[in-house]
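final.tsv follows (TSV, C-alpha atoms):
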```tsv
chain	number	residue	atom	x	y	z
G	1	MET	CA	-0.91	17.89	-12.46
G	2	ILE	CA	-1.54	20.71	-9.97
G	3	VAL	CA	-4.34	20.29	-7.44
G	4	VAL	CA	-5.47	23.44	-5.64
G	5	LEU	CA	-6.04	23.07	-1.90
G	6	PRO	CA	-8.40	25.25	0.11
G	7	PRO	CA	-6.66	27.88	2.31
G	8	ALA	CA	-7.55	26.02	5.50
G	9	ALA	CA	-5.92	22.76	4.36
G	10	ASP	CA	-2.94	21.50	6.36
G	11	ASP	CA	-0.18	21.43	3.76
G	12	THR	CA	1.99	19.18	5.92
G	13	VAL	CA	-0.72	16.52	5.89
G	14	PHE	CA	-1.26	16.84	2.15
G	15	ALA	CA	2.49	16.68	1.51
G	16	ALA	CA	2.30	13.04	2.63
G	17	LEU	CA	-0.18	12.15	-0.11
G	18	PRO	CA	1.41	12.51	-3.56
G	19	THR	CA	4.00	9.71	-3.76
G	20	GLN	CA	2.54	7.00	-1.55
G	21	GLY	CA	-1.07	7.92	-2.18
G	22	VAL	CA	-0.77	8.07	-5.95
G	23	THR	CA	1.03	4.71	-5.97
G	24	ALA	CA	-1.76	3.14	-3.91
G	25	TYR	CA	-4.44	4.60	-6.18
G	26	LEU	CA	-2.75	3.50	-9.41
G	27	MET	CA	-2.33	-0.07	-8.13
G	28	LEU	CA	-6.09	-0.38	-7.65
G	29	ARG	CA	-7.18	1.64	-10.69
G	30	ALA	CA	-4.45	1.22	-13.33
G	31	SER	CA	-2.37	-1.87	-12.54
G	32	THR	CA	-5.69	-3.63	-11.97
G	33	GLN	CA	-9.32	-2.64	-11.48
G	34	LEU	CA	-10.68	-3.47	-8.05
G	35	CYS	CA	-14.26	-4.68	-8.42
G	36	PRO	CA	-16.83	-4.34	-5.61
G	37	GLY	CA	-16.79	-7.29	-3.25
G	38	GLU	CA	-13.30	-8.51	-4.16
G	39	THR	CA	-10.78	-9.42	-1.47
G	40	VAL	CA	-7.46	-7.60	-1.13
G	41	LEU	CA	-4.25	-8.47	0.74
G	42	VAL	CA	-2.00	-5.47	1.43
G	43	HIS	CA	1.55	-6.23	2.54
G	44	GLY	CA	3.35	-3.66	4.67
G	45	ALA	CA	-0.06	-2.19	5.46
G	46	ALA	CA	1.28	0.15	8.15
G	47	GLY	CA	3.67	1.83	5.72
G	48	GLY	CA	3.22	4.94	3.60
G	49	VAL	CA	1.75	3.19	0.55
G	50	GLY	CA	0.15	0.34	2.47
G	51	ASN	CA	-1.93	2.42	4.88
G	52	VAL	CA	-3.43	4.42	2.01
G	53	ALA	CA	-4.05	1.24	-0.02
G	54	VAL	CA	-6.03	-0.27	2.86
G	55	GLN	CA	-8.24	2.79	3.10
G	56	LEU	CA	-8.71	3.13	-0.65
G	57	ALA	CA	-9.58	-0.55	-1.08
G	58	LYS	CA	-12.29	-0.24	1.57
G	59	SER	CA	-13.67	2.98	0.09
G	60	MET	CA	-13.68	1.46	-3.42
G	61	GLY	CA	-15.91	-1.37	-2.29
G	62	ALA	CA	-13.59	-4.26	-1.44
G	63	GLY	CA	-15.42	-7.04	0.36
G	64	LEU	CA	-12.54	-8.01	2.63
G	65	VAL	CA	-9.23	-6.23	3.20
G	66	ILE	CA	-6.40	-8.01	5.00
G	67	GLY	CA	-3.24	-6.15	5.97
G	68	THR	CA	0.10	-7.55	7.07
G	69	ALA	CA	2.53	-5.93	9.51
G	70	SER	CA	5.50	-7.06	11.56
G	71	THR	CA	4.49	-5.96	15.09
G	72	GLU	CA	1.30	-6.00	17.12
G	73	GLU	CA	1.45	-2.21	17.42
G	74	LYS	CA	1.47	-1.89	13.64
G	75	ARG	CA	-1.26	-4.50	13.24
G	76	ALA	CA	-3.46	-2.55	15.64
G	77	PHE	CA	-2.79	0.53	13.51
G	78	VAL	CA	-3.80	-1.41	10.39
G	79	ARG	CA	-7.06	-2.54	11.97
G	80	GLY	CA	-7.70	1.05	12.96
G	81	LEU	CA	-7.47	2.02	9.29
G	82	GLY	CA	-10.48	-0.17	8.57
G	83	ALA	CA	-8.79	-3.45	7.60
G	84	ASP	CA	-10.97	-6.47	8.36
G	85	ALA	CA	-7.94	-8.38	9.63
G	86	ALA	CA	-4.23	-7.84	10.27
G	87	ILE	CA	-1.72	-10.69	10.29
G	88	ASP	CA	1.97	-11.18	10.98
G	89	TYR	CA	3.78	-12.07	7.73
G	90	GLN	CA	6.84	-13.13	9.77
G	91	GLN	CA	4.97	-16.22	10.97
G	92	ALA	CA	5.82	-19.21	8.77
G	93	ASP	CA	2.17	-20.21	8.30
G	94	TRP	CA	0.74	-16.76	7.61
G	95	PRO	CA	-0.81	-17.84	4.25
G	96	ASN	CA	-3.02	-20.25	6.21
G	97	ALA	CA	-4.37	-17.30	8.20
G	98	VAL	CA	-5.32	-15.61	4.92
G	99	LEU	CA	-7.00	-18.78	3.66
G	100	GLN	CA	-8.96	-19.08	6.89
G	101	LYS	CA	-10.18	-15.49	6.55
G	102	THR	CA	-11.33	-16.20	2.97
G	103	ASP	CA	-12.93	-19.62	3.62
G	104	GLY	CA	-10.12	-21.34	1.74
G	105	ARG	CA	-10.60	-19.38	-1.48
G	106	GLY	CA	-7.69	-16.95	-1.21
G	107	VAL	CA	-7.61	-13.27	-2.18
G	108	ASP	CA	-8.38	-11.65	-5.51
G	109	ILE	CA	-5.66	-9.00	-5.31
G	110	ILE	CA	-2.27	-9.00	-3.58
G	111	LEU	CA	-0.31	-5.77	-3.19
G	112	GLU	CA	3.27	-6.92	-2.59
G	113	SER	CA	6.06	-4.84	-1.04
G	114	ILE	CA	8.22	-7.38	0.80
G	115	GLY	CA	9.73	-9.86	-1.64
G	116	GLY	CA	12.11	-12.61	-0.53
G	117	ASP	CA	10.36	-15.73	0.73
G	118	VAL	CA	7.07	-13.84	1.14
G	119	PHE	CA	6.91	-13.45	-2.64
G	120	GLU	CA	6.63	-17.21	-3.09
G	121	GLN	CA	4.29	-17.68	-0.14
G	122	ASN	CA	1.79	-15.29	-1.68
G	123	PHE	CA	0.86	-17.89	-4.28
G	124	GLN	CA	-0.45	-20.14	-1.53
G	125	CYS	CA	-3.27	-17.66	-0.93
G	126	LEU	CA	-3.84	-16.02	-4.34
G	127	ALA	CA	-7.23	-17.05	-5.72
G	128	THR	CA	-8.04	-18.31	-9.20
G	129	PHE	CA	-8.09	-15.27	-11.54
G	130	GLY	CA	-6.10	-13.43	-8.85
G	131	ARG	CA	-3.94	-10.40	-9.63
G	132	TYR	CA	-0.53	-9.90	-8.05
G	133	ILE	CA	0.83	-6.31	-8.00
G	134	VAL	CA	4.48	-5.74	-7.00
G	135	PHE	CA	5.37	-2.29	-5.63
G	136	GLY	CA	8.43	-3.03	-3.48
G	137	SER	CA	10.93	-5.65	-2.30
G	138	THR	CA	12.18	-4.86	1.18
G	139	ARG	CA	13.63	-8.38	1.50
G	140	GLY	CA	15.11	-8.49	-1.99
G	141	PRO	CA	13.89	-10.12	-5.21
G	142	GLY	CA	13.94	-13.72	-4.00
G	143	ALA	CA	14.28	-16.80	-6.21
G	144	PRO	CA	13.70	-16.69	-10.00
G	145	PHE	CA	10.03	-16.87	-11.01
G	146	GLU	CA	8.58	-19.04	-13.77
G	147	PRO	CA	5.84	-16.93	-15.39
G	148	ARG	CA	4.05	-19.89	-16.99
G	149	ARG	CA	2.89	-21.03	-13.57
G	150	LEU	CA	0.37	-18.17	-13.75
G	151	MET	CA	-1.50	-20.16	-16.38
G	152	GLN	CA	-2.56	-22.85	-13.88
G	153	LYS	CA	-5.12	-20.57	-12.22
G	154	SER	CA	-5.38	-17.84	-14.88
G	155	GLN	CA	-3.59	-15.43	-12.57
G	156	SER	CA	-1.76	-12.27	-13.61
G	157	MET	CA	1.14	-10.21	-12.31
G	158	ALA	CA	2.12	-6.57	-12.78
G	159	GLY	CA	4.76	-4.27	-11.36
G	160	ILE	CA	4.44	-0.57	-10.64
G	161	TYR	CA	7.05	2.18	-10.39
G	162	LEU	CA	5.52	5.61	-10.00
G	163	PRO	CA	7.98	7.67	-12.14
G	164	VAL	CA	6.99	5.60	-15.18
G	165	PHE	CA	3.45	6.94	-14.87
G	166	PHE	CA	4.63	10.49	-15.44
G	167	ALA	CA	4.34	9.53	-19.11
G	168	LYS	CA	0.58	9.39	-18.46
G	169	PRO	CA	-0.08	12.70	-16.69
G	170	GLN	CA	-3.84	12.27	-16.95
G	171	LEU	CA	-3.62	9.31	-14.58
G	172	ILE	CA	-1.49	11.26	-12.10
G	173	ARG	CA	-3.98	14.13	-12.23
G	174	GLU	CA	-6.89	11.74	-11.76
G	175	ALA	CA	-5.18	10.12	-8.78
G	176	MET	CA	-4.33	13.42	-7.09
G	177	SER	CA	-7.83	14.81	-7.57
G	178	PHE	CA	-9.34	11.64	-6.12
G	179	LEU	CA	-6.99	11.58	-3.12
G	180	VAL	CA	-7.44	15.25	-2.27
G	181	SER	CA	-11.22	15.05	-2.48
G	182	ARG	CA	-11.27	11.98	-0.21
G	183	ALA	CA	-8.88	13.59	2.25
G	184	LEU	CA	-10.93	16.78	2.39
G	185	ASP	CA	-14.19	14.94	3.07
G	186	GLY	CA	-12.53	12.76	5.73
G	187	THR	CA	-12.87	9.47	3.86
G	188	LEU	CA	-9.08	9.19	3.63
G	189	LYS	CA	-6.92	9.82	6.70
G	190	THR	CA	-3.34	10.84	6.07
G	191	HIS	CA	-1.01	9.51	8.76
G	192	VAL	CA	2.17	11.51	9.28
G	193	ASP	CA	4.51	9.62	11.61
G	194	ARG	CA	6.69	12.68	12.09
G	195	THR	CA	7.82	15.90	10.42
G	196	LEU	CA	11.54	16.60	10.12
G	197	PRO	CA	13.50	19.59	8.79
G	198	LEU	CA	15.07	19.12	5.38
G	199	ASN	CA	18.62	18.88	6.77
G	200	ARG	CA	17.60	15.68	8.62
G	201	ALA	CA	16.70	13.80	5.44
G	202	SER	CA	19.33	11.16	6.17
G	203	GLU	CA	17.62	10.43	9.50
G	204	ALA	CA	14.31	10.01	7.69
G	205	HIS	CA	15.89	7.48	5.31
G	206	GLN	CA	17.38	5.57	8.24
G	207	LEU	CA	14.01	5.40	10.00
G	208	LEU	CA	12.42	4.03	6.83
G	209	GLU	CA	15.17	1.47	6.30
G	210	GLU	CA	14.82	0.30	9.91
G	211	ARG	CA	11.04	0.04	9.47
G	212	ARG	CA	10.39	2.33	12.43
G	213	VAL	CA	7.77	4.41	10.62
G	214	THR	CA	4.00	4.06	10.72
G	215	GLY	CA	2.49	6.02	7.86
G	216	ALA	CA	4.70	8.67	6.24
G	217	ILE	CA	7.54	11.05	7.09
G	218	VAL	CA	7.31	14.62	5.83
G	219	LEU	CA	10.42	16.73	5.24
G	220	ASP	CA	9.58	20.39	5.80
G	221	PRO	CA	12.13	23.00	4.68
G	222	ARG	CA	10.34	25.54	6.88
G	223	ALA	CA	10.87	23.52	10.06
G	224	ALA	CA	13.55	24.66	12.48
G	225	SER	CA	16.65	22.47	12.40
G	226	HIS	CA	18.18	21.15	15.61
```

Take the structure I supplied and represent it as structure tokens, if you would.
Amino acid sequence: MIVVLPPAADDTVFAALPTQGVTAYLMLRASTQLCPGETVLVHGAAGGVGNVAVQLAKSMGAGLVIGTASTEEKRAFVRGLGADAAIDYQQADWPNAVLQKTDGRGVDIILESIGGDVFEQNFQCLATFGRYIVFGSTRGPGAPFEPRRLMQKSQSMAGIYLPVFFAKPQLIREAMSFLVSRALDGTLKTHVDRTLPLNRASEAHQLLEERRVTGAIVLDPRAASH
């Protein structure tokens, strides 16, 4: 699962790729298969996984990519990544904004990282034959879900937890090779919010929990502590 980088590569930038980037890749290539022209809704699109997922979806041929984020600053960041639209999932009627962007059809793929009430709202804008991929629950699991409701529109749901995929090293290797090649040719931009020394790991966790991060945080054991 080792990928060799050229000597000139910025290892700090590439350190931000493996966990979030591999998760984003596997959602679109293993949890489901994104087909050219399909529409994708990425929740938490300014985050570590979300920002990569937006870029990968566009580069893999998605017809329309919609990202959600909680502030206008983050939504501007999401649009800068190449998303066709960025919406505020904290607005009660946000699913209507998605339906408007898709001419009432809804999206083919939802990448879900929020949970809580947003989990249920997603079904208002998931298209027939839509696929719902869960990769996080920042608001908690929400109410119990009746799986048979998926039958009504022939929809499907899958969850992803990256450590499970270590049982399939060929997929991890495939993901890393893809991500590194796209980063080297400039197709994929890695966004490092900040780099902190290893002894400030608790601060990094706090920033993530408070949702004050755009992109990824890199912990560098070589960085001077202060």

If you measure from CA of Arg173 (chain G) to CA of Leu81 (chain G), what distance in Å do you get, rounded to one decimal? 24.9 Å

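CA of Gln90 (chain G) to CA of Ser70 (chain G) spans 6.5 Å [interatomic distance, one decimal].
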
Quick one: residues within 12 Å of Thr214 (chain G), all atoms listed in the file, excluding same-chain residues fewer than 6 positions away - as a list in words? Gly44, Ala45, Ala46, Gly47, Gly48, Val49, Gly50, Asn51, Val52, Ala69, Ser70, Thr71, Glu73, Lys74, Arg75, Ala76, Phe77, Val78, Leu81, Thr190, His191, Val192, Asp193, Arg194, Leu207 and Leu208 of chain G

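Using all atoms listed in the file, the smallest distance between any of G:Ala97, G:Val54, G:Leu188, G:Ala158 and Gly82 (chain G) comes from G:Val54.
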
To one decimal in Å, tell me the separation between CA of His205 (chain G) and CA of Phe166 (chain G). 23.8 Å

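Taking all atoms listed in the file into account, Leu196 (chain G) lies nearest to G:Thr12 out of the set G:Thr39, G:Thr12, G:Thr128, G:Thr68.
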
Which residue of G:Leu162, G:Leu198, G:Leu5, G:Ile87 approaches Ser31 (chain G) most closely, using all atoms listed in the file: G:Leu162

Counting all atoms listed in the file, closest pick from G:Arg148, G:Arg200, G:Arg222, G:Arg139 relative to Asp11 (chain G) is G:Arg222

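Residues in contact range of Gly130 (chain G), defined as at most 9 Å between all atoms listed in the file, with sequence neighbours fewer than 2 positions away removed, read Gly106, Val107, Asp108, Ile109, Ile110, Leu126, Ala127, Thr128, Tyr132, Lys153, Ser154, Gln155, Ser156 and Met157 of chain G.
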
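Only residues having an atom at most 10 Å from (-5.2, 13.8, -5.0) are included; using all atoms listed in the file, these are Met1, Ile2, Val3, Val4, Leu5, Phe14, Leu17, Pro18, Gly21, Val22, Tyr25, Ile172, Arg173, Glu174, Ala175, Met176, Ser177, Phe178, Leu179, Val180, Ser181, Arg182, Ala183 and Leu184 of chain G.
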
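Closest approach to Met27 (chain G) from the set G:Gly159, G:Gly186, G:Pro6, G:Gly215 is made by G:Gly159, with distances taken over all atoms listed in the file.
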
Can you pull out the residues contacting Glu146 (chain G)? Cut-off 12 Å, using all atoms listed in the file, and skip same-chain residues under 4 positions away; I want them as a PyMOL selection string. chain G and resi 120+150-152+157

Serialized selection, C-alpha atoms, as a short mmCIF file (atom, residue, chain, number, x, y, z; two decimals), in the coordinates of the input:
```
data_model
loop_
_atom_site.label_atom_id
_atom_site.label_comp_id
_atom_site.auth_asym_id
_atom_site.auth_seq_id
_atom_site.Cartn_x
_atom_site.Cartn_y
_atom_site.Cartn_z
CA GLU G 120 6.63 -17.21 -3.09
CA LEU G 150 0.37 -18.17 -13.75
CA MET G 151 -1.50 -20.16 -16.38
CA GLN G 152 -2.56 -22.85 -13.88
CA MET G 157 1.14 -10.21 -12.31
#
```
